[in-house]
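Raw contents of start.cif, mmCIF, C-alpha atoms and all ligand atoms:
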data_my_file
#
loop_
_atom_site.group_PDB
_atom_site.id
_atom_site.type_symbol
_atom_site.label_atom_id
_atom_site.label_comp_id
_atom_site.auth_asym_id
_atom_site.auth_seq_id
_atom_site.Cartn_x
_atom_site.Cartn_y
_atom_site.Cartn_z
ATOM 1 C CA MET A 258 -24.717 -15.743 -6.317
ATOM 2 C CA SER A 259 -22.229 -12.979 -6.759
ATOM 3 C CA ALA A 260 -19.773 -11.471 -4.306
ATOM 4 C CA ARG A 261 -20.370 -8.050 -2.829
ATOM 5 C CA LEU A 262 -17.835 -5.545 -4.140
ATOM 6 C CA ILE A 263 -15.608 -3.801 -1.622
ATOM 7 C CA ASP A 264 -15.442 -0.345 -3.172
ATOM 8 C CA GLY A 265 -11.937 0.923 -2.385
ATOM 9 C CA LYS A 266 -12.407 3.973 -4.553
ATOM 10 C CA ALA A 267 -15.457 5.145 -2.586
ATOM 11 C CA ILE A 268 -13.971 4.276 0.819
ATOM 12 C CA ALA A 269 -10.761 6.139 -0.081
ATOM 13 C CA ALA A 270 -12.798 9.189 -1.169
ATOM 14 C CA ASP A 271 -14.565 9.232 2.227
ATOM 15 C CA ILE A 272 -11.221 9.016 4.021
ATOM 16 C CA ARG A 273 -9.834 11.893 1.941
ATOM 17 C CA ALA A 274 -12.883 14.039 2.745
ATOM 18 C CA ASP A 275 -12.366 13.340 6.451
ATOM 19 C CA LEU A 276 -8.650 14.145 6.210
ATOM 20 C CA ARG A 277 -9.427 17.418 4.465
ATOM 21 C CA GLU A 278 -11.366 18.536 7.528
ATOM 22 C CA GLN A 279 -8.615 17.401 9.885
ATOM 23 C CA VAL A 280 -6.055 19.346 7.857
ATOM 24 C CA GLN A 281 -8.124 22.526 8.148
ATOM 25 C CA ARG A 282 -8.064 22.225 11.938
ATOM 26 C CA LEU A 283 -4.274 21.810 12.151
ATOM 27 C CA PRO A 284 -2.093 24.789 13.112
ATOM 28 C CA VAL A 285 0.355 23.914 10.311
ATOM 29 C CA GLN A 286 -0.116 22.710 6.761
ATOM 30 C CA PRO A 287 1.107 19.106 6.540
ATOM 31 C CA GLY A 288 3.812 18.562 3.945
ATOM 32 C CA LEU A 289 4.788 15.436 2.002
ATOM 33 C CA ALA A 290 8.004 15.123 0.008
ATOM 34 C CA THR A 291 8.295 12.481 -2.694
ATOM 35 C CA VAL A 292 11.658 11.368 -4.003
ATOM 36 C CA LEU A 293 11.596 9.867 -7.481
ATOM 37 C CA VAL A 294 14.738 8.409 -9.037
ATOM 38 C CA GLY A 295 14.638 7.901 -12.810
ATOM 39 C CA THR A 296 11.632 7.947 -15.140
ATOM 40 C CA ARG A 297 9.894 4.542 -14.920
ATOM 41 C CA PRO A 298 6.441 5.293 -16.350
ATOM 42 C CA ASP A 299 4.582 3.406 -13.595
ATOM 43 C CA SER A 300 6.530 5.204 -10.857
ATOM 44 C CA VAL A 301 5.891 8.580 -12.518
ATOM 45 C CA THR A 302 2.163 7.755 -12.665
ATOM 46 C CA TYR A 303 2.005 6.742 -8.990
ATOM 47 C CA VAL A 304 3.950 9.793 -7.827
ATOM 48 C CA ASN A 305 1.663 12.060 -9.860
ATOM 49 C CA MET A 306 -1.384 10.416 -8.282
ATOM 50 C CA LYS A 307 0.073 11.006 -4.814
ATOM 51 C CA HIS A 308 0.619 14.707 -5.502
ATOM 52 C CA ARG A 309 -2.899 15.083 -6.895
ATOM 53 C CA ALA A 310 -4.312 13.427 -3.769
ATOM 54 C CA CYS A 311 -2.247 15.733 -1.538
ATOM 55 C CA ALA A 312 -3.664 18.784 -3.301
ATOM 56 C CA GLU A 313 -7.189 17.462 -2.819
ATOM 57 C CA VAL A 314 -6.865 17.187 0.967
ATOM 58 C CA GLY A 315 -4.782 20.348 1.435
ATOM 59 C CA VAL A 316 -1.414 18.711 2.049
ATOM 60 C CA ARG A 317 1.524 20.659 0.649
ATOM 61 C CA SER A 318 3.644 18.436 -1.553
ATOM 62 C CA VAL A 319 7.232 18.767 -2.655
ATOM 63 C CA ARG A 320 8.729 16.794 -5.482
ATOM 64 C CA VAL A 321 12.375 15.755 -5.622
ATOM 65 C CA GLU A 322 13.353 14.232 -8.967
ATOM 66 C CA LEU A 323 16.785 12.718 -9.473
ATOM 67 C CA PRO A 324 18.361 11.105 -12.541
ATOM 68 C CA GLU A 325 18.584 7.327 -12.832
ATOM 69 C CA SER A 326 22.380 7.718 -12.547
ATOM 70 C CA VAL A 327 22.274 9.455 -9.144
ATOM 71 C CA SER A 328 24.727 8.026 -6.618
ATOM 72 C CA GLU A 329 23.539 6.494 -3.376
ATOM 73 C CA ALA A 330 25.486 9.164 -1.462
ATOM 74 C CA GLU A 331 23.760 11.964 -3.342
ATOM 75 C CA LEU A 332 20.335 10.395 -2.797
ATOM 76 C CA VAL A 333 21.043 9.945 0.912
ATOM 77 C CA GLY A 334 22.138 13.599 1.035
ATOM 78 C CA ARG A 335 18.781 14.696 -0.385
ATOM 79 C CA VAL A 336 16.875 12.539 2.098
ATOM 80 C CA ARG A 337 18.855 14.093 4.970
ATOM 81 C CA GLU A 338 17.971 17.587 3.757
ATOM 82 C CA LEU A 339 14.294 16.621 3.834
ATOM 83 C CA ASN A 340 14.737 15.205 7.347
ATOM 84 C CA THR A 341 15.686 18.662 8.616
ATOM 85 C CA ASP A 342 13.151 20.636 6.555
ATOM 86 C CA PRO A 343 10.439 21.834 9.009
ATOM 87 C CA GLN A 344 7.855 22.194 6.201
ATOM 88 C CA VAL A 345 8.195 18.500 5.326
ATOM 89 C CA HIS A 346 6.404 16.155 7.735
ATOM 90 C CA GLY A 347 6.483 13.007 5.616
ATOM 91 C CA ILE A 348 9.048 11.592 3.181
ATOM 92 C CA LEU A 349 8.333 8.962 0.551
ATOM 93 C CA VAL A 350 11.150 7.444 -1.496
ATOM 94 C CA GLN A 351 9.405 5.864 -4.468
ATOM 95 C CA LEU A 352 10.372 2.222 -4.986
ATOM 96 C CA PRO A 353 11.884 0.441 -6.782
ATOM 97 C CA LEU A 354 15.231 2.261 -6.798
ATOM 98 C CA PRO A 355 17.779 1.533 -9.564
ATOM 99 C CA PRO A 356 19.874 -1.607 -8.995
ATOM 100 C CA HIS A 357 23.097 0.281 -8.132
ATOM 101 C CA ILE A 358 21.410 1.729 -5.034
ATOM 102 C CA ASP A 359 20.910 -0.227 -1.810
ATOM 103 C CA GLU A 360 17.238 0.367 -0.955
ATOM 104 C CA GLU A 361 17.532 -0.583 2.684
ATOM 105 C CA ARG A 362 20.440 1.788 3.304
ATOM 106 C CA VAL A 363 18.443 4.657 1.791
ATOM 107 C CA LEU A 364 15.200 3.845 3.635
ATOM 108 C CA ALA A 365 17.131 3.616 6.907
ATOM 109 C CA GLN A 366 18.136 7.277 6.454
ATOM 110 C CA VAL A 367 14.552 8.557 6.470
ATOM 111 C CA SER A 368 13.851 10.079 9.876
ATOM 112 C CA LEU A 369 11.583 7.734 11.886
ATOM 113 C CA GLU A 370 9.138 10.575 12.578
ATOM 114 C CA LYS A 371 8.789 11.250 8.822
ATOM 115 C CA ASP A 372 8.657 7.645 7.609
ATOM 116 C CA VAL A 373 5.070 7.841 6.292
ATOM 117 C CA ASP A 374 5.676 4.780 4.076
ATOM 118 C CA GLY A 375 6.526 2.726 7.179
ATOM 119 C CA PHE A 376 9.530 1.222 5.388
ATOM 120 C CA HIS A 377 12.225 2.240 7.881
ATOM 121 C CA PRO A 378 13.769 -0.955 9.301
ATOM 122 C CA VAL A 379 12.947 0.166 12.853
ATOM 123 C CA ASN A 380 9.270 0.650 11.970
ATOM 124 C CA ILE A 381 9.169 -2.772 10.256
ATOM 125 C CA GLY A 382 10.931 -4.302 13.256
ATOM 126 C CA ARG A 383 8.434 -2.816 15.701
ATOM 127 C CA LEU A 384 5.571 -4.048 13.517
ATOM 128 C CA ALA A 385 6.992 -7.548 13.917
ATOM 129 C CA MET A 386 7.299 -7.327 17.717
ATOM 130 C CA LYS A 387 4.649 -8.101 20.270
ATOM 131 C CA ASN A 388 3.703 -5.229 22.609
ATOM 132 C CA ARG A 389 5.454 -2.709 20.361
ATOM 133 C CA ASP A 390 4.015 -0.236 17.914
ATOM 134 C CA PRO A 391 5.636 1.243 14.850
ATOM 135 C CA LEU A 392 5.279 5.014 14.341
ATOM 136 C CA PHE A 393 3.920 4.268 10.862
ATOM 137 C CA VAL A 394 2.516 1.179 9.168
ATOM 138 C CA PRO A 395 3.115 0.593 5.414
ATOM 139 C CA CYS A 396 0.268 2.066 3.353
ATOM 140 C CA THR A 397 -0.845 -0.833 1.153
ATOM 141 C CA PRO A 398 -1.048 -3.325 4.049
ATOM 142 C CA LEU A 399 -2.862 -0.754 6.193
ATOM 143 C CA GLY A 400 -5.280 -0.187 3.320
ATOM 144 C CA CYS A 401 -5.985 -3.936 3.166
ATOM 145 C CA ILE A 402 -6.943 -4.009 6.858
ATOM 146 C CA GLU A 403 -9.085 -0.914 6.423
ATOM 147 C CA LEU A 404 -10.923 -2.573 3.500
ATOM 148 C CA LEU A 405 -11.566 -5.643 5.655
ATOM 149 C CA ARG A 406 -12.979 -3.410 8.411
ATOM 150 C CA HIS A 407 -15.242 -1.568 5.999
ATOM 151 C CA SER A 408 -16.462 -4.865 4.539
ATOM 152 C CA GLY A 409 -17.519 -6.023 7.997
ATOM 153 C CA THR A 410 -15.281 -9.089 7.761
ATOM 154 C CA ALA A 411 -14.279 -10.369 11.199
ATOM 155 C CA ILE A 412 -10.524 -10.991 11.452
ATOM 156 C CA ALA A 413 -9.876 -12.355 14.957
ATOM 157 C CA GLY A 414 -9.836 -16.138 15.053
ATOM 158 C CA ARG A 415 -10.297 -16.503 11.291
ATOM 159 C CA GLN A 416 -8.013 -18.217 8.797
ATOM 160 C CA ALA A 417 -6.143 -15.623 6.725
ATOM 161 C CA VAL A 418 -4.023 -16.676 3.777
ATOM 162 C CA VAL A 419 -1.531 -14.220 2.270
ATOM 163 C CA LEU A 420 -0.098 -14.931 -1.171
ATOM 164 C CA GLY A 421 3.354 -13.361 -1.421
ATOM 165 C CA ARG A 422 6.047 -12.363 1.080
ATOM 166 C CA SER A 423 7.400 -9.075 -0.292
ATOM 167 C CA ASN A 424 8.814 -6.485 2.106
ATOM 168 C CA ILE A 425 6.276 -3.893 0.978
ATOM 169 C CA VAL A 426 3.059 -5.946 0.977
ATOM 170 C CA GLY A 427 3.001 -9.678 1.764
ATOM 171 C CA LEU A 428 5.144 -9.681 4.876
ATOM 172 C CA PRO A 429 3.712 -6.551 6.568
ATOM 173 C CA VAL A 430 0.108 -7.509 5.738
ATOM 174 C CA ALA A 431 0.720 -10.914 7.332
ATOM 175 C CA LEU A 432 2.078 -9.172 10.449
ATOM 176 C CA LEU A 433 -0.939 -6.854 10.610
ATOM 177 C CA LEU A 434 -3.379 -9.756 10.276
ATOM 178 C CA LEU A 435 -1.531 -11.531 13.068
ATOM 179 C CA ARG A 436 -1.848 -8.399 15.229
ATOM 180 C CA GLU A 437 -5.589 -8.545 14.520
ATOM 181 C CA ASN A 438 -5.541 -12.116 15.878
ATOM 182 C CA ALA A 439 -6.089 -13.971 12.620
ATOM 183 C CA THR A 440 -4.463 -17.365 12.089
ATOM 184 C CA VAL A 441 -2.097 -16.449 9.288
ATOM 185 C CA THR A 442 -0.562 -18.584 6.555
ATOM 186 C CA VAL A 443 1.874 -17.060 4.064
ATOM 187 C CA CYS A 444 2.242 -18.758 0.666
ATOM 188 C CA HIS A 445 5.137 -18.146 -1.723
ATOM 189 C CA SER A 446 7.002 -19.622 -4.669
ATOM 190 C CA ARG A 447 8.075 -22.700 -2.695
ATOM 191 C CA THR A 448 4.644 -23.487 -1.226
ATOM 192 C CA ARG A 449 3.320 -26.912 -2.212
ATOM 193 C CA ASP A 450 -0.300 -27.087 -3.337
ATOM 194 C CA ILE A 451 -1.247 -23.435 -3.010
ATOM 195 C CA ALA A 452 -4.832 -24.259 -4.029
ATOM 196 C CA ALA A 453 -5.255 -26.513 -0.986
ATOM 197 C CA VAL A 454 -3.920 -23.807 1.363
ATOM 198 C CA VAL A 455 -6.083 -21.087 -0.211
ATOM 199 C CA ARG A 456 -9.137 -23.313 0.207
ATOM 200 C CA GLN A 457 -8.750 -22.953 4.007
ATOM 201 C CA ALA A 458 -8.993 -19.162 3.849
ATOM 202 C CA ASP A 459 -11.780 -17.064 5.347
ATOM 203 C CA ILE A 460 -9.706 -14.058 4.239
ATOM 204 C CA LEU A 461 -7.421 -14.119 1.206
ATOM 205 C CA VAL A 462 -4.900 -11.380 0.435
ATOM 206 C CA ALA A 463 -3.312 -11.840 -2.986
ATOM 207 C CA ALA A 464 -0.015 -9.980 -3.502
ATOM 208 C CA ILE A 465 2.175 -12.032 -5.805
ATOM 209 C CA GLY A 466 2.126 -9.958 -8.984
ATOM 210 C CA LYS A 467 0.829 -12.730 -11.268
ATOM 211 C CA PRO A 468 -2.098 -11.650 -13.442
ATOM 212 C CA GLU A 469 -5.357 -13.508 -12.702
ATOM 213 C CA TYR A 470 -3.464 -16.238 -10.872
ATOM 214 C CA VAL A 471 -6.040 -17.212 -8.220
ATOM 215 C CA GLN A 472 -8.685 -19.550 -9.648
ATOM 216 C CA ALA A 473 -12.327 -19.761 -8.569
ATOM 217 C CA ASP A 474 -12.122 -23.432 -7.594
ATOM 218 C CA TRP A 475 -9.394 -22.567 -5.030
ATOM 219 C CA LEU A 476 -11.845 -20.501 -2.994
ATOM 220 C CA ARG A 477 -13.965 -21.475 -0.057
ATOM 221 C CA PRO A 478 -17.467 -20.133 -0.791
ATOM 222 C CA GLY A 479 -18.046 -16.873 1.050
ATOM 223 C CA VAL A 480 -14.351 -15.961 1.458
ATOM 224 C CA THR A 481 -13.389 -12.261 1.562
ATOM 225 C CA VAL A 482 -10.805 -11.557 -1.159
ATOM 226 C CA ILE A 483 -8.434 -8.568 -1.095
ATOM 227 C CA ASP A 484 -6.620 -8.311 -4.411
ATOM 228 C CA VAL A 485 -3.404 -6.269 -4.235
ATOM 229 C CA GLY A 486 -2.195 -7.161 -7.749
ATOM 230 C CA ILE A 487 -1.829 -4.373 -10.295
ATOM 231 C CA ASN A 488 -0.865 -6.113 -13.536
ATOM 232 C CA GLN A 489 -1.013 -4.812 -17.091
ATOM 233 C CA LYS A 490 -2.746 -7.143 -19.515
ATOM 234 C CA PRO A 491 -2.459 -6.418 -23.262
ATOM 235 C CA ASP A 492 -5.842 -5.247 -24.563
ATOM 236 C CA ALA A 493 -6.166 -3.823 -28.067
ATOM 237 C CA SER A 494 -9.617 -2.355 -27.349
ATOM 238 C CA SER A 495 -8.232 -0.112 -24.587
ATOM 239 C CA ALA A 496 -6.788 3.337 -25.316
ATOM 240 C CA ARG A 497 -3.620 2.569 -23.362
ATOM 241 C CA GLY A 498 -3.147 -0.773 -25.163
ATOM 242 C CA TYR A 499 -3.558 -2.643 -21.886
ATOM 243 C CA ARG A 500 -5.973 -2.974 -19.022
ATOM 244 C CA LEU A 501 -5.259 -3.525 -15.335
ATOM 245 C CA VAL A 502 -5.990 -6.907 -13.798
ATOM 246 C CA GLY A 503 -5.351 -8.170 -10.287
ATOM 247 C CA ASP A 504 -3.765 -11.362 -9.007
ATOM 248 C CA VAL A 505 -7.240 -12.928 -8.882
ATOM 249 C CA ASP A 506 -9.341 -14.176 -11.803
ATOM 250 C CA PHE A 507 -12.022 -11.644 -10.920
ATOM 251 C CA ASP A 508 -14.917 -12.682 -13.179
ATOM 252 C CA ALA A 509 -14.774 -16.300 -12.048
ATOM 253 C CA CYS A 510 -13.862 -15.661 -8.395
ATOM 254 C CA ARG A 511 -16.664 -13.183 -7.787
ATOM 255 C CA ARG A 512 -19.129 -16.036 -8.256
ATOM 256 C CA VAL A 513 -17.645 -17.930 -5.295
ATOM 257 C CA ALA A 514 -16.338 -15.229 -2.935
ATOM 258 C CA GLY A 515 -18.544 -13.475 -0.381
ATOM 259 C CA GLN A 516 -16.831 -10.129 -0.886
ATOM 260 C CA ILE A 517 -14.070 -9.049 -3.258
ATOM 261 C CA THR A 518 -12.066 -5.930 -4.137
ATOM 262 C CA PRO A 519 -11.975 -4.869 -7.793
ATOM 263 C CA VAL A 520 -8.834 -3.885 -9.735
ATOM 264 C CA PRO A 521 -8.659 -1.018 -10.405
ATOM 265 C CA GLY A 522 -10.648 0.678 -7.645
ATOM 266 C CA GLY A 523 -9.715 -1.562 -4.713
ATOM 267 C CA THR A 524 -6.431 -1.520 -2.840
ATOM 268 C CA GLY A 525 -4.760 1.109 -5.120
ATOM 269 C CA PRO A 526 -6.808 4.128 -4.021
ATOM 270 C CA MET A 527 -6.650 2.925 -0.400
ATOM 271 C CA THR A 528 -2.836 2.906 -0.527
ATOM 272 C CA ILE A 529 -2.853 6.591 -1.374
ATOM 273 C CA ALA A 530 -5.513 7.404 1.244
ATOM 274 C CA MET A 531 -3.366 5.695 3.908
ATOM 275 C CA LEU A 532 -0.314 7.665 2.765
ATOM 276 C CA LEU A 533 -2.269 10.888 3.275
ATOM 277 C CA ARG A 534 -3.493 9.723 6.664
ATOM 278 C CA ASN A 535 0.052 8.859 7.731
ATOM 279 C CA THR A 536 1.231 12.286 6.547
ATOM 280 C CA VAL A 537 -1.483 14.131 8.481
ATOM 281 C CA ARG A 538 -0.625 12.096 11.605
ATOM 282 C CA ALA A 539 3.061 12.846 11.104
ATOM 283 C CA ALA A 540 2.277 16.559 11.057
ATOM 284 C CA GLN A 541 0.012 16.271 14.142
ATOM 285 C CA ARG A 542 2.750 14.435 16.016
ATOM 286 C CA GLN A 543 5.493 16.843 14.965
ATOM 287 C CA VAL A 544 3.382 19.804 16.070
ATOM 288 C CA GLN A 545 2.818 18.188 19.475
ATOM 289 C CA ASN A 546 6.441 17.227 19.976
ATOM 290 C CA GLY A 547 7.713 20.594 18.729
HETATM 291 N N1 LIG B 601 7.720 4.079 -1.592
HETATM 292 C C1 LIG B 601 6.677 3.553 -2.217
HETATM 293 N N2 LIG B 601 5.452 3.644 -1.665
HETATM 294 C C2 LIG B 601 4.360 3.126 -2.300
HETATM 295 O O1 LIG B 601 3.223 3.205 -1.778
HETATM 296 C C3 LIG B 601 4.528 2.524 -3.585
HETATM 297 C C4 LIG B 601 5.826 2.448 -4.102
HETATM 298 N N3 LIG B 601 6.877 2.971 -3.398
HETATM 299 N N4 LIG B 601 6.057 1.854 -5.286
HETATM 300 C C5 LIG B 601 4.988 1.318 -6.092
HETATM 301 C C6 LIG B 601 3.771 0.929 -5.279
HETATM 302 C C7 LIG B 601 2.485 0.852 -6.070
HETATM 303 N N5 LIG B 601 1.587 1.829 -5.488
HETATM 304 C C8 LIG B 601 0.306 2.117 -5.965
HETATM 305 C C9 LIG B 601 -0.448 3.177 -5.506
HETATM 306 C C10 LIG B 601 -1.699 3.469 -6.039
HETATM 307 C C11 LIG B 601 -2.236 2.697 -7.044
HETATM 308 C C12 LIG B 601 -3.571 3.050 -7.603
HETATM 309 O O2 LIG B 601 -4.256 3.923 -7.105
HETATM 310 N N6 LIG B 601 -4.030 2.372 -8.678
HETATM 311 C C13 LIG B 601 -5.321 2.616 -9.303
HETATM 312 C C14 LIG B 601 -5.217 2.524 -10.811
HETATM 313 C C15 LIG B 601 -4.141 3.387 -11.405
HETATM 314 C C16 LIG B 601 -4.039 3.291 -12.910
HETATM 315 O O3 LIG B 601 -5.075 3.419 -13.589
HETATM 316 O O4 LIG B 601 -2.905 3.063 -13.407
HETATM 317 C C17 LIG B 601 -6.331 1.589 -8.828
HETATM 318 O O5 LIG B 601 -5.898 0.477 -8.445
HETATM 319 O O6 LIG B 601 -7.516 1.870 -8.899
HETATM 320 C C18 LIG B 601 -1.508 1.626 -7.495
HETATM 321 C C19 LIG B 601 -0.272 1.331 -6.962
HETATM 322 C C20 LIG B 601 2.244 2.478 -4.491
HETATM 323 N N7 LIG B 601 3.495 1.990 -4.315
#

Structure encoded using structure tokens:
Amino acid sequence: MSARLIDGKAIAADIRADLREQVQRLPVQPGLATVLVGTRPDSVTYVNMKHRACAEVGVRSVRVELPESVSEAELVGRVRELNTDPQVHGILVQLPLPPHIDEERVLAQVSLEKDVDGFHPVNIGRLAMKNRDPLFVPCTPLGCIELLRHSGTAIAGRQAVVLGRSNIVGLPVALLLLRENATVTVCHSRTRDIAAVVRQADILVAAIGKPEYVQADWLRPGVTVIDVGINQKPDASSARGYRLVGDVDFDACRRVAGQITPVPGGTGPMTIAMLLRNTVRAAQRQVQNG
């Protein structure tokens, strides 16, 4: 037996095609601004991918690039300019920021209506509250839920286990699963006997950043596995000198799981599709509200 693959790359392509049509029907061209501080190669790669995806669906994209040494005040000044720019409907400040900058203070400056990353503390706070809705939900967690929907995995009433409690993935994905009425358990570095907790899962979301950490004998047969890990593993036979692996030991786990996302081609492309969707919705909303 082998798990069915949840093809994030194909699902993301369908979403982009749909967004392209929506964009053509809008009275304005949606605009996304990215703010990149420094030159971390992974951040540069991700930002480039986001701009390429924008071009594909007809979203205008603006790039702000600042030196690693930029002051927090200067960065905040640039964000405020984007807040008032009518051609910019969504703003994404690429994380991580350099250590001398307080991420939360910067993210709190992004206008709520343009917070397409969903990282503004008010949006996170609303996500955590019952009977409240954020204006935007963080893209990777939203992509995880979308992958579950496409896989036909029921969420309500099921046991969901989230590995990791980061602000950008683990915590918000746990909140989203709770909103979908799953019974949610969050594991982290202080959890005792992670294998025993994971064994309870009908749905497993792995977001701890440890290459091939989840072992096949931790899984309940038939579990749906969403692998958010993007780890570089040295590989001499690859042109880049490494290959990407997730937080799950894919080759072994696919023999036990019911459905599983690959890395690459799983949650990564969905993250970018959700960013585009959030940007198109931001533009729709800003047109309506004038
Ligand atoms: N403000 C902010 N928003 C983010 O959404 C954000 C961020 N900061 N910082 C970093 C993480 C990471 N992230 C990824 C997006 C796409 C892929 C992706 O598409 N990966 C491809 C492979 C790419 C490759 O080959 O290197 C895949 O999984 O198939 C991965 C990772 C967005 N992030």

_Could you list the protein, DNA and RNA residues that have any atom within 7 Å of ligand LIG 601 (chain B), counting only C-alpha atoms and all ligand atoms, and write them as a VMD selection string?_
chain A and resid 266 300 302 to 303 349 to 353 374 396 to 397 487 520 to 526 528 to 529

*Written as a ChimeraX atom specification, what is the full residue list that the PyMOL selection byres (((chain A and resi 292) around 8) and not hetatm) yields on the file shown?*
/A:290-291,293-294,320-323,348-351

*Go through A:Asn535, A:Gln489, A:Asn380, A:Gln543 one by one, measure the shortest atom-to-atom distance of each to Asp342 (chain A) using only C-alpha atoms, and give the residue with the smallest value.*
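Ranked by minimum distance to Asp342 (chain A), first place goes to A:Gln543.
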
*Enumerate, as a PyMOL selection string, the residues matched when the PyMOL selection byres (((chain A and resi 401-415) around 6) and not hetatm) is run on the file above.*
chain A and resi 398-400+416+437-440

*Closest to Val285 (chain A) among A:Ile263, A:Ala365, A:Ala310, A:Val345, using all atoms listed in the file?*
A:Val345

*asked:* To one decimal place in Å, what is the distance between CA of Gly486 (chain A) and CA of Tyr470 (chain A)?
replied: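 These two atoms are separated by 9.7 Å.
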
_Calculated over all atoms listed in the file, which of the candidates A:Val418, A:Pro468, A:Gly288, A:Ile425 has the smallest distance to Cys444 (chain A)?_
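When distances to Cys444 (chain A) are compared using all atoms listed in the file, the smallest one comes from A:Val418.
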
*Find the distance between CA of Leu364 (chain A) and CA of Gly547 (chain A) and write it in Å to one decimal.*
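Pair CA of Leu364 (chain A) / CA of Gly547 (chain A) returns 23.8 Å.
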
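The spacing separating CA of Ile460 (chain A) from CA of Val430 (chain A) amounts to 11.9 Å.
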
*Select, from A:Arg422, A:Arg511, A:Arg538, A:Arg337, the residue with the minimum atom-to-atom distance to Phe393 (chain A), counting all atoms listed in the file.*
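Between A:Arg422, A:Arg511, A:Arg538, A:Arg337, the residue approaching Phe393 (chain A) most closely is A:Arg538.
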
*Any chance you could work out the residue set of the PyMOL selection byres (((chain A and resi 275) around 12) and not hetatm) here, as a list in words?*
Ile268, Ala269, Ala270, Asp271, Ile272, Arg273, Ala274, Leu276, Arg277, Glu278, Gln279, Val280, Gln281, Arg282, Glu313, Val314, Gly315, Ala530, Leu533, Arg534 and Val537 of chain A

*Go through A:Val419, A:Arg436, A:Pro491, A:Ala452 one by one, measure the shortest atom-to-atom distance of each to Arg389 (chain A) using all atoms listed in the file, and give the residue with the smallest value.*
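The closest residue to Arg389 (chain A) is A:Arg436.
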
Neighbours of Val336 (chain A) within 7 Å (only C-alpha atoms; same-chain residues fewer than 3 positions away dropped), as a short mmCIF file (atom, residue, chain, number, x, y, z; two decimals) with C-alpha atoms, in the coordinates of the input?
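This is the output file out-v4.cif:
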data_model
loop_
_atom_site.label_atom_id
_atom_site.label_comp_id
_atom_site.auth_asym_id
_atom_site.auth_seq_id
_atom_site.Cartn_x
_atom_site.Cartn_y
_atom_site.Cartn_z
CA LEU A 332 20.34 10.40 -2.80
CA VAL A 333 21.04 9.94 0.91
CA LEU A 339 14.29 16.62 3.83
CA ASN A 340 14.74 15.20 7.35
CA GLN A 366 18.14 7.28 6.45
CA VAL A 367 14.55 8.56 6.47
#

*Counting only C-alpha atoms, figure out which residue out of A:Asp264, A:Asp508, A:Asp372, A:Asp450 gets nearest to Ala539 (chain A).*
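Using only C-alpha atoms, Ala539 (chain A) sits closest to A:Asp372.
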
*Got a sec: who's within 9 Å of Lys490 (chain A), counting all atoms listed in the file, leaving out chain neighbours fewer than 6 positions off, as a PyMOL selection string?*
chain A and resi 468+498-502

Emit the selected residues as a short mmCIF file (atom, residue, chain, number, x, y, z; two decimals), in the frame of the given file, including C-alpha atoms.
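Wrote out-v3.cif, looks like this:
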data_model
loop_
_atom_site.label_atom_id
_atom_site.label_comp_id
_atom_site.auth_asym_id
_atom_site.auth_seq_id
_atom_site.Cartn_x
_atom_site.Cartn_y
_atom_site.Cartn_z
CA PRO A 468 -2.10 -11.65 -13.44
CA GLY A 498 -3.15 -0.77 -25.16
CA TYR A 499 -3.56 -2.64 -21.89
CA ARG A 500 -5.97 -2.97 -19.02
CA LEU A 501 -5.26 -3.52 -15.34
CA VAL A 502 -5.99 -6.91 -13.80
#

*Need the neighbours of (-9.9, -11.1, -10.1): which residues are at most 6 Å away, counting all atoms listed in the file, as a PyMOL selection string?*
chain A and resi 469+503+505-507

*asked:* Distance cut-off 9 Å, centre (-8.7, -13.2, -1.0) in file coordinates, counting only C-alpha atoms: which residues qualify? Return them as a PyMOL selection string.
replied: chain A and resi 417-420+455+458-463+471+476+480-484+505+514+516-518
